[in-house]
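*Asks:* The file below is run.txt, compact mmCIF, C-alpha atoms:
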```
# COMPACT_ATOMS: atom_id res chain seq x y z
CA MET A 21 -5.16 10.65 -27.12
CA ASP A 22 -1.95 12.30 -25.97
CA ALA A 23 -1.31 14.15 -29.19
CA ASN A 24 -1.83 17.55 -27.58
CA ARG A 25 0.91 17.04 -25.01
CA SER A 26 4.37 18.38 -25.62
CA LYS A 27 7.12 15.77 -25.88
CA PRO A 28 10.86 16.39 -25.54
CA ALA A 29 12.82 15.83 -28.73
CA GLN A 30 14.49 12.43 -28.73
CA THR A 31 18.29 12.51 -29.02
CA GLY A 32 18.96 8.88 -29.88
CA ASN A 33 20.40 8.26 -26.40
CA PRO A 34 17.68 6.39 -24.43
CA GLN A 35 19.08 7.51 -21.08
CA VAL A 36 19.14 11.18 -22.09
CA ASP A 37 15.65 10.91 -23.57
CA SER A 38 14.23 9.39 -20.39
CA LEU A 39 15.92 12.03 -18.21
CA GLN A 40 14.56 14.87 -20.32
CA LEU A 41 11.08 13.41 -20.00
CA ALA A 42 11.60 12.92 -16.26
CA LEU A 43 12.51 16.60 -15.89
CA GLU A 44 9.33 17.65 -17.69
CA TRP A 45 7.28 15.28 -15.56
CA LEU A 46 8.95 16.44 -12.33
CA ASP A 47 8.24 20.10 -13.11
CA ARG A 48 4.58 19.22 -13.68
CA GLU A 49 4.14 16.84 -10.77
CA GLY A 50 6.29 18.59 -8.16
CA GLY A 51 5.99 22.24 -9.11
CA GLN A 52 7.67 24.35 -6.40
CA GLN A 53 7.66 21.66 -3.73
CA ARG A 54 10.98 21.52 -1.90
CA ASN A 55 11.59 17.81 -2.49
CA ALA A 56 10.87 18.17 -6.20
CA ARG A 57 13.26 21.12 -6.55
CA ILE A 58 16.04 19.20 -4.80
CA LEU A 59 15.51 16.10 -6.93
CA ARG A 60 15.54 18.27 -10.03
CA GLU A 61 19.13 19.24 -9.23
CA VAL A 62 20.06 15.56 -9.06
CA LEU A 63 18.33 14.94 -12.38
CA ASP A 64 20.10 17.92 -13.97
CA THR A 65 23.48 16.70 -12.73
CA THR A 66 22.78 13.21 -14.06
CA LEU A 67 21.63 14.54 -17.43
CA ILE A 68 24.80 16.65 -17.86
CA ALA A 69 27.05 13.73 -16.96
CA ILE A 70 25.34 11.24 -19.29
CA SER A 71 25.29 13.78 -22.13
CA ARG A 72 29.08 13.88 -21.81
CA GLY A 73 29.31 10.10 -21.99
CA GLU A 74 29.95 9.65 -18.27
CA SER A 75 28.25 7.26 -15.88
CA PRO A 76 25.42 8.51 -13.62
CA PRO A 77 27.08 10.41 -10.74
CA GLU A 78 26.24 10.24 -7.05
CA THR A 79 25.28 13.49 -5.32
CA ASP A 80 25.58 13.66 -1.54
CA THR A 81 23.09 15.50 0.66
CA THR A 82 25.73 17.95 1.89
CA THR A 83 26.37 19.17 -1.65
CA LEU A 84 22.64 19.32 -2.33
CA ARG A 85 22.04 21.40 0.79
CA ALA A 86 24.73 23.91 -0.18
CA LEU A 87 23.37 24.13 -3.72
CA PHE A 88 19.80 24.54 -2.56
CA GLN A 89 20.96 27.16 -0.05
CA ARG A 90 22.42 29.24 -2.89
CA LEU A 91 19.26 28.84 -4.97
CA GLU A 92 17.12 30.02 -2.05
CA GLY A 93 19.50 32.88 -1.23
CA ALA A 94 19.57 31.77 2.38
CA GLY A 95 22.44 32.52 4.73
CA ASP A 96 24.84 29.99 6.16
CA GLY A 97 23.01 27.36 8.16
CA ALA A 98 19.59 28.74 7.16
CA ALA A 99 18.75 25.89 4.78
CA LYS A 100 16.92 22.94 6.26
CA VAL A 101 18.61 19.58 6.55
CA ILE A 102 18.06 17.42 3.47
CA ARG A 103 16.94 13.93 4.39
CA ALA A 104 17.63 11.32 1.76
CA THR A 105 14.94 8.99 3.12
CA GLU A 106 12.31 11.70 2.69
CA LEU A 107 13.44 12.34 -0.89
CA GLY A 108 13.36 8.62 -1.62
CA ASN A 109 9.84 8.26 -0.27
CA TRP A 110 8.65 11.23 -2.30
CA TRP A 111 10.07 9.81 -5.52
CA ASP A 112 9.07 6.19 -4.90
CA SER A 113 5.45 7.13 -4.22
CA ARG A 114 5.31 8.73 -7.70
CA GLN A 115 7.54 6.26 -9.56
CA GLU A 116 4.60 4.52 -11.22
CA GLN A 117 3.40 7.83 -12.67
CA LEU A 118 6.80 8.38 -14.31
CA ARG A 119 6.94 4.81 -15.64
CA GLN A 120 3.54 5.26 -17.27
CA ARG A 121 4.63 8.60 -18.72
CA CYS A 122 7.76 7.00 -20.23
CA ALA A 123 5.71 4.12 -21.63
CA LEU A 124 3.22 6.54 -23.16
CA ALA A 125 6.01 8.58 -24.76
CA GLY A 126 7.77 5.47 -26.11
CA ARG A 127 10.86 5.73 -23.89
CA ALA A 128 12.72 2.43 -23.59
CA LEU A 129 14.17 3.30 -20.16
CA THR A 130 12.76 4.81 -16.97
CA PRO A 131 14.89 6.59 -14.32
CA TYR A 132 14.75 5.14 -10.80
CA LEU A 133 16.12 6.97 -7.78
CA VAL A 134 18.81 5.15 -5.79
CA VAL A 135 19.42 6.26 -2.19
CA LYS A 136 22.57 5.13 -0.39
CA LYS A 137 22.30 6.06 3.25
CA GLY A 138 25.31 7.49 5.05
CA GLY A 139 27.04 5.90 7.97
CA GLY A 140 27.03 8.78 10.42
CA ARG A 141 28.69 12.17 10.80
CA GLY A 142 30.98 12.93 7.90
CA LEU A 143 29.40 10.24 5.73
CA PRO A 144 26.34 11.86 4.12
CA SER A 145 23.74 9.95 2.16
CA ARG A 146 24.15 9.84 -1.62
CA LEU A 147 21.55 9.96 -4.36
CA SER A 148 21.82 8.84 -7.96
CA PHE A 149 19.67 7.55 -10.78
CA GLU A 150 19.69 4.19 -12.47
CA PHE A 151 17.75 3.08 -15.55
CA ARG A 152 15.44 0.12 -15.95
CA PRO A 153 13.42 -1.05 -18.94
CA THR A 154 10.12 0.80 -19.00
CA LEU A 155 7.97 -2.26 -19.64
CA GLU A 156 9.66 -4.64 -17.25
CA ALA A 157 6.70 -5.24 -14.90
CA GLU A 158 6.05 -8.94 -15.45
CA PRO A 159 3.47 -10.96 -13.47
CA GLU A 160 6.22 -13.08 -11.90
CA GLU A 161 7.93 -9.97 -10.56
CA ASP A 162 4.64 -8.63 -9.24
CA ILE A 163 4.21 -11.76 -7.14
CA ALA A 164 7.81 -11.93 -5.97
CA THR A 165 8.18 -8.30 -4.94
CA PRO A 166 6.31 -7.34 -1.74
CA GLU A 167 6.00 -3.73 -2.92
CA LEU A 168 4.08 -4.91 -6.00
CA ASP A 169 1.28 -6.67 -4.14
CA PRO A 170 -0.82 -8.62 -6.70
CA THR A 171 -3.97 -7.89 -4.67
CA LEU A 172 -3.68 -4.16 -5.41
CA VAL A 173 -5.27 -2.47 -8.39
CA ARG A 174 -2.82 -0.27 -10.32
CA TYR A 175 -4.37 2.74 -11.94
CA GLN A 176 -3.36 4.13 -15.31
CA MET A 177 -3.83 7.85 -15.92
CA ASP A 178 -4.77 8.73 -19.51
CA PRO A 179 -5.89 12.05 -20.99
CA VAL A 180 -9.48 12.19 -22.21
CA ARG A 181 -11.26 14.51 -24.62
CA PRO A 182 -13.11 17.33 -22.81
CA ALA A 183 -16.58 18.51 -23.73
CA LEU A 184 -16.96 20.81 -26.72
CA TRP A 185 -17.80 23.88 -24.61
CA LEU A 186 -14.71 23.31 -22.47
CA ARG A 187 -12.47 22.95 -25.54
CA LEU A 188 -13.89 26.14 -27.04
CA VAL A 189 -13.53 28.17 -23.84
CA VAL A 190 -10.22 27.02 -22.34
CA GLY A 191 -8.82 24.45 -24.82
CA SER A 192 -8.05 20.77 -24.31
CA ARG A 193 -4.50 20.97 -22.92
CA PRO A 194 -3.69 21.17 -19.18
CA PHE A 195 -3.36 24.72 -17.84
CA PRO A 196 -2.49 26.40 -14.50
CA VAL A 197 -5.45 27.22 -12.32
CA GLN A 198 -3.94 30.67 -11.66
CA SER A 199 -4.21 31.78 -15.28
CA TRP A 200 -6.91 33.36 -17.42
CA ARG A 201 -8.15 29.89 -18.39
CA GLY A 202 -8.38 28.93 -14.74
CA TYR A 203 -10.23 32.11 -13.89
CA VAL A 204 -12.69 31.45 -16.73
CA LEU A 205 -13.28 27.92 -15.42
CA ILE A 206 -13.82 29.12 -11.86
CA GLY A 207 -15.93 32.02 -13.16
CA SER A 208 -18.25 29.63 -15.00
CA ALA A 209 -18.89 27.76 -11.75
CA ALA A 210 -19.40 31.04 -9.87
CA MET A 211 -21.82 32.19 -12.57
CA ASN A 212 -23.88 29.06 -12.00
CA MET A 213 -24.13 29.97 -8.32
CA ALA A 214 -25.17 33.49 -9.28
CA LEU A 215 -27.89 32.06 -11.52
CA ILE A 216 -29.14 29.97 -8.62
CA GLY A 217 -29.32 33.06 -6.47
CA LEU A 218 -31.19 35.01 -9.15
CA ALA A 219 -33.68 32.18 -9.63
CA TRP A 220 -34.54 32.09 -5.92
CA PHE A 221 -34.63 35.89 -5.75
CA TRP A 222 -37.12 35.94 -8.61
CA LEU A 223 -39.22 33.26 -6.91
CA LEU A 224 -39.29 35.03 -3.55
CA SER A 225 -40.09 38.35 -5.24
CA SER A 226 -43.10 36.82 -6.96
CA TRP A 227 -44.29 35.35 -3.65
CA SER A 228 -43.95 38.65 -1.78
CA ARG A 229 -46.89 40.12 -3.69
CA GLY A 230 -49.28 38.21 -1.50
CA ALA A 231 -50.97 36.28 -4.31
CA PRO A 232 -52.74 33.04 -3.40
CA VAL A 233 -50.91 29.74 -3.87
CA THR A 234 -51.86 28.18 -7.17
CA THR A 235 -50.66 25.39 -9.40
CA ALA A 236 -48.49 27.90 -11.24
CA THR A 237 -46.83 28.86 -7.94
CA LEU A 238 -45.97 25.21 -7.23
CA ALA A 239 -44.70 24.82 -10.78
CA GLN A 240 -42.40 27.82 -10.28
CA LEU A 241 -41.09 26.28 -7.06
CA GLY A 242 -40.46 22.94 -8.77
CA LEU A 243 -38.72 24.62 -11.70
CA THR A 244 -36.49 26.65 -9.38
CA MET A 245 -35.52 23.55 -7.40
CA LEU A 246 -34.80 21.69 -10.64
CA VAL A 247 -32.59 24.54 -11.93
CA THR A 248 -30.80 24.71 -8.59
CA ALA A 249 -30.07 20.98 -8.57
CA GLY A 250 -28.88 21.02 -12.19
CA LEU A 251 -26.56 24.02 -11.82
CA TRP A 252 -25.12 22.68 -8.57
CA TRP A 253 -24.53 19.30 -10.21
CA LEU A 254 -22.62 21.05 -13.02
CA SER A 255 -20.52 23.17 -10.65
CA ARG A 256 -19.81 20.68 -7.86
CA PRO A 257 -16.74 19.01 -9.50
CA VAL A 258 -14.98 22.38 -9.81
CA PHE A 259 -15.86 23.55 -6.28
CA HIS A 260 -14.52 20.33 -4.73
CA LEU A 261 -11.18 20.40 -6.60
CA PRO A 262 -9.30 22.57 -4.05
CA THR A 263 -9.91 20.05 -1.27
CA GLN A 264 -10.15 16.73 -3.13
CA ARG A 265 -7.63 17.30 -5.99
CA VAL A 266 -9.49 14.70 -8.11
CA THR A 267 -13.25 14.85 -8.75
CA MET A 268 -15.63 13.03 -11.07
CA ALA A 269 -15.98 14.96 -14.33
CA GLY A 270 -19.50 13.94 -15.30
CA PRO A 271 -21.07 14.17 -18.78
CA SER A 272 -21.01 18.00 -18.76
CA PHE A 273 -17.19 18.03 -18.81
CA LEU A 274 -16.60 15.08 -21.18
CA ALA A 275 -16.96 14.66 -24.91
CA LEU A 276 -19.78 12.42 -26.09
CA SER A 277 -17.25 9.71 -27.00
CA GLU A 278 -15.93 9.53 -23.41
CA LEU A 279 -17.76 7.47 -20.78
CA TYR A 280 -15.46 8.00 -17.81
CA GLY A 281 -13.26 10.86 -16.71
CA GLN A 282 -12.11 12.99 -13.81
CA LEU A 283 -10.98 16.55 -13.18
CA ARG A 284 -7.50 16.59 -11.68
CA THR A 285 -5.33 19.37 -10.28
CA MET A 286 -1.62 18.90 -9.72
CA PRO A 287 1.23 21.35 -8.98
CA ALA A 288 1.87 23.63 -11.95
CA PRO A 289 5.45 23.70 -13.30
CA GLY A 290 7.71 26.73 -13.12
CA ARG A 291 5.50 28.96 -10.97
CA LYS A 292 6.54 30.49 -7.66
CA LEU A 293 2.93 30.69 -6.54
CA LYS A 294 1.52 27.44 -5.25
CA SER A 295 -0.72 27.09 -8.28
CA ARG A 296 -2.00 23.78 -9.54
CA GLU A 297 -2.56 22.54 -13.06
CA PHE A 298 -6.01 21.57 -14.27
CA ALA A 299 -6.43 18.55 -16.54
CA VAL A 300 -9.21 16.22 -17.65
CA VAL A 301 -8.02 12.62 -17.32
CA ARG A 302 -9.24 9.09 -16.78
CA HIS A 303 -7.91 6.90 -13.97
CA TRP A 304 -8.56 3.23 -14.64
CA GLY A 305 -7.09 -0.16 -13.85
CA THR A 306 -7.57 -3.91 -14.09
CA CYS A 307 -9.39 -5.74 -11.31
CA PRO A 308 -6.93 -8.13 -9.58
CA ILE A 309 -9.84 -10.45 -8.72
CA CYS A 310 -11.65 -10.94 -12.04
CA SER A 311 -9.49 -8.97 -14.55
CA ALA A 312 -12.36 -6.67 -15.57
CA GLU A 313 -11.77 -2.93 -15.93
CA VAL A 314 -11.92 -0.72 -12.85
CA ASP A 315 -13.09 2.89 -13.10
CA LEU A 316 -13.52 5.58 -10.47
CA ASP A 317 -16.88 6.33 -8.92
CA HIS A 318 -18.31 8.12 -5.89
CA GLY A 319 -18.04 6.18 -2.65
CA ARG A 320 -21.73 6.79 -1.94
CA ALA A 321 -23.10 5.78 1.48
CA ALA A 322 -20.66 2.91 1.99
CA PHE A 323 -17.56 5.09 1.50
CA PRO A 324 -18.66 8.72 1.91
CA ASP A 325 -16.50 11.69 0.91
CA ARG A 326 -14.08 9.65 -1.19
CA LEU A 327 -13.57 8.29 -4.68
CA VAL A 328 -13.29 4.53 -5.11
CA GLY A 329 -12.49 2.16 -7.93
CA ARG A 330 -15.39 -0.07 -8.97
CA CYS A 331 -15.05 -3.19 -11.09
CA HIS A 332 -17.30 -3.21 -14.15
CA ASP A 333 -18.39 -6.82 -13.56
CA ALA A 334 -18.86 -6.66 -9.76
CA PRO A 335 -19.30 -2.97 -8.86
CA LEU A 336 -20.64 -3.64 -5.36
CA GLU A 337 -18.20 -6.36 -4.30
CA HIS A 338 -14.93 -5.54 -6.09
CA VAL A 339 -14.36 -2.05 -4.67
CA PHE A 340 -10.91 -0.52 -4.22
CA SER A 341 -9.42 2.59 -2.67
CA PHE A 342 -7.84 5.26 -4.86
CA ASP A 343 -4.50 6.92 -4.15
CA PRO A 344 -4.03 9.74 -6.71
CA VAL A 345 -0.30 10.04 -5.95
CA ARG A 346 0.83 6.40 -5.93
CA LEU A 347 -1.91 5.34 -8.38
CA VAL A 348 -2.73 2.18 -6.44
CA GLY A 349 -5.73 0.93 -4.54
CA LYS A 350 -6.49 -1.86 -2.09
CA ALA A 351 -9.69 -3.83 -1.66
CA LEU A 352 -12.29 -2.09 0.51
CA VAL A 353 -14.76 -5.00 0.59
CA GLU A 354 -13.13 -8.06 2.11
CA THR A 355 -14.49 -11.50 1.28
CA THR A 356 -13.32 -14.24 3.63
CA ARG A 357 -12.65 -17.61 2.08
CA GLU A 358 -13.52 -19.29 5.36
CA GLU A 359 -17.18 -18.29 4.92
CA THR A 360 -17.39 -19.97 1.52
CA SER A 361 -15.31 -23.01 2.34
CA SER A 362 -16.53 -23.83 5.86
CA PRO A 363 -18.93 -26.78 6.08
CA SER A 364 -22.55 -26.01 6.96
```
Now, as a test, write the supplied structure out as structure tokens.

*Replies:*
Amino acid sequence: MDANRSKPAQTGNPQVDSLQLALEWLDREGGQQRNARILREVLDTTLIAISRGESPPETDTTTLRALFQRLEGAGDGAAKVIRATELGNWWDSRQEQLRQRCALAGRALTPYLVVKKGGGRGLPSRLSFEFRPTLEAEPEEDIATPELDPTLVRYQMDPVRPALWLRLVVGSRPFPVQSWRGYVLIGSAAMNMALIGLAWFWLLSSWSRGAPVTTATLAQLGLTMLVTAGLWWLSRPVFHLPTQRVTMAGPSFLALSELYGQLRTMPAPGRKLKSREFAVVRHWGTCPICSAEVDLDHGRAAFPDRLVGRCHDAPLEHVFSFDPVRLVGKALVETTREETSSPS
């Protein structure tokens, strides 16, 4: 399913291969965000050193600030202070995405950011990368590590096949929203709104003639309402992308062979404008309660204005939140054991 995605050429050095993939992923995930651009310099430095047969170097925040200052063209003291803790949090919250990307591309190792905090003035914090086996997440480690809470659902993000009309119009590969493909996608949604306006204009024009209300008039009203609901249903996922970042794709955006999918926008790589990249993907996981599959769904009345993960076997009871950055979710419906175990 990932055949359309570009993959860096493997060099035979697993560390170099994983760093090259991490650079591609960072450009796509971080775009022109400041933290991503700073971490890219650390990745570049590490890649150069390992390509020469050296060990992964440590880069201090003072050096990073001076380098970033030159890249920005800012004067002395104009660059903001670089906080290693902030960089570490940014990377750690997206570490699972990179691990999945390495696993999907067949990389044996995954880069992990290491932050060594400084001890005060004159002792800046240092950043470096270490490498861990990509498929090292064992159940025992999940239980032992507080960060890998076994009660959380961990979402995978896989590409899915878009609908035929979408493949014919804009292709099946991710593309920047601020491009001709993005404008075509947005234009199709705007055209649906224009059709809604024309339908109501036609209806009101026919009513303005002063003709008596007949069955045909009611049929015209019902047809216009049906067209309005259908076109809005088709356009709603695109209109909500700027504010929600991830929306339910629906059958109109998915191939007939796909049952679940979402529209996702993320920062586009290599663009100065704050553009985002459009992709059709599927977020799914395994229910930590009953081990059934979990797919995204609308929160409905219980969890309005949000997407949630619903278990296939218990969709009303096993409901989880959805974090599109960290790709984790916690239970939203709590079941207390005391209620089931307490004597009557």

*Asks:* Give me the residues near A:Val134 as a PDB file with C-alpha atoms, in the coordinates of the input, where near means some atom within 6 Å (using all atoms listed in the file) and where sequence neighbours in that chain fewer than 4 positions away do not count.

*Replies:*
```pdb
ATOM      1  CA  LEU A 147      21.550   9.960  -4.360  1.00  0.00           C
ATOM      2  CA  SER A 148      21.820   8.840  -7.960  1.00  0.00           C
ATOM      3  CA  PHE A 149      19.670   7.550 -10.780  1.00  0.00           C
TER       4      PHE A 149
END
```

*Asks:* For A:Ala334, which residue among A:Arg152, A:Trp304, A:Arg346, A:Ile309 is the nearest when counting only C-alpha atoms?

*Replies:*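 The shortest atom-to-atom distance to A:Ala334 comes from A:Ile309.
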
*Asks:* What gap, in Å, lies between atom CA of A:Thr306 and atom CA of A:Val173?

*Replies:*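 Distance reported for this atom pair: 6.3 Å.
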
*Asks:* Can you work out which one of A:Trp45, A:Phe151, A:Phe195, A:Trp110 has the shortest atom-to-atom distance to A:Arg296, counting only C-alpha atoms?

*Replies:*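 The closest residue to A:Arg296 is A:Phe195.
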
*Asks:* Which neighbours of A:Pro182 fall inside 12 Å, counting all atoms listed in the file, when residues of the same chain fewer than 6 positions from it are skipped, and could you give them as a list in words?

*Replies:*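 Non-adjacent residues within range: Met21, Leu188, Val189, Val190, Gly191, Ser192, Arg193, Pro194, Ala269, Gly270, Pro271, Ser272, Phe273, Leu274, Ala275, Leu276, Ser277, Glu278, Leu279, Tyr280, Gly281, Gln282, Leu283, Phe298, Ala299, Val300, Val301 and Arg302 of chain A.
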
*Asks:* Please determine, counting only C-alpha atoms, which residue among A:Thr105, A:Glu337, A:Val62, A:Arg146 has the shortest atom-to-atom distance to A:Thr81.

*Replies:*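 Ranked by minimum distance to A:Thr81, first place goes to A:Arg146.
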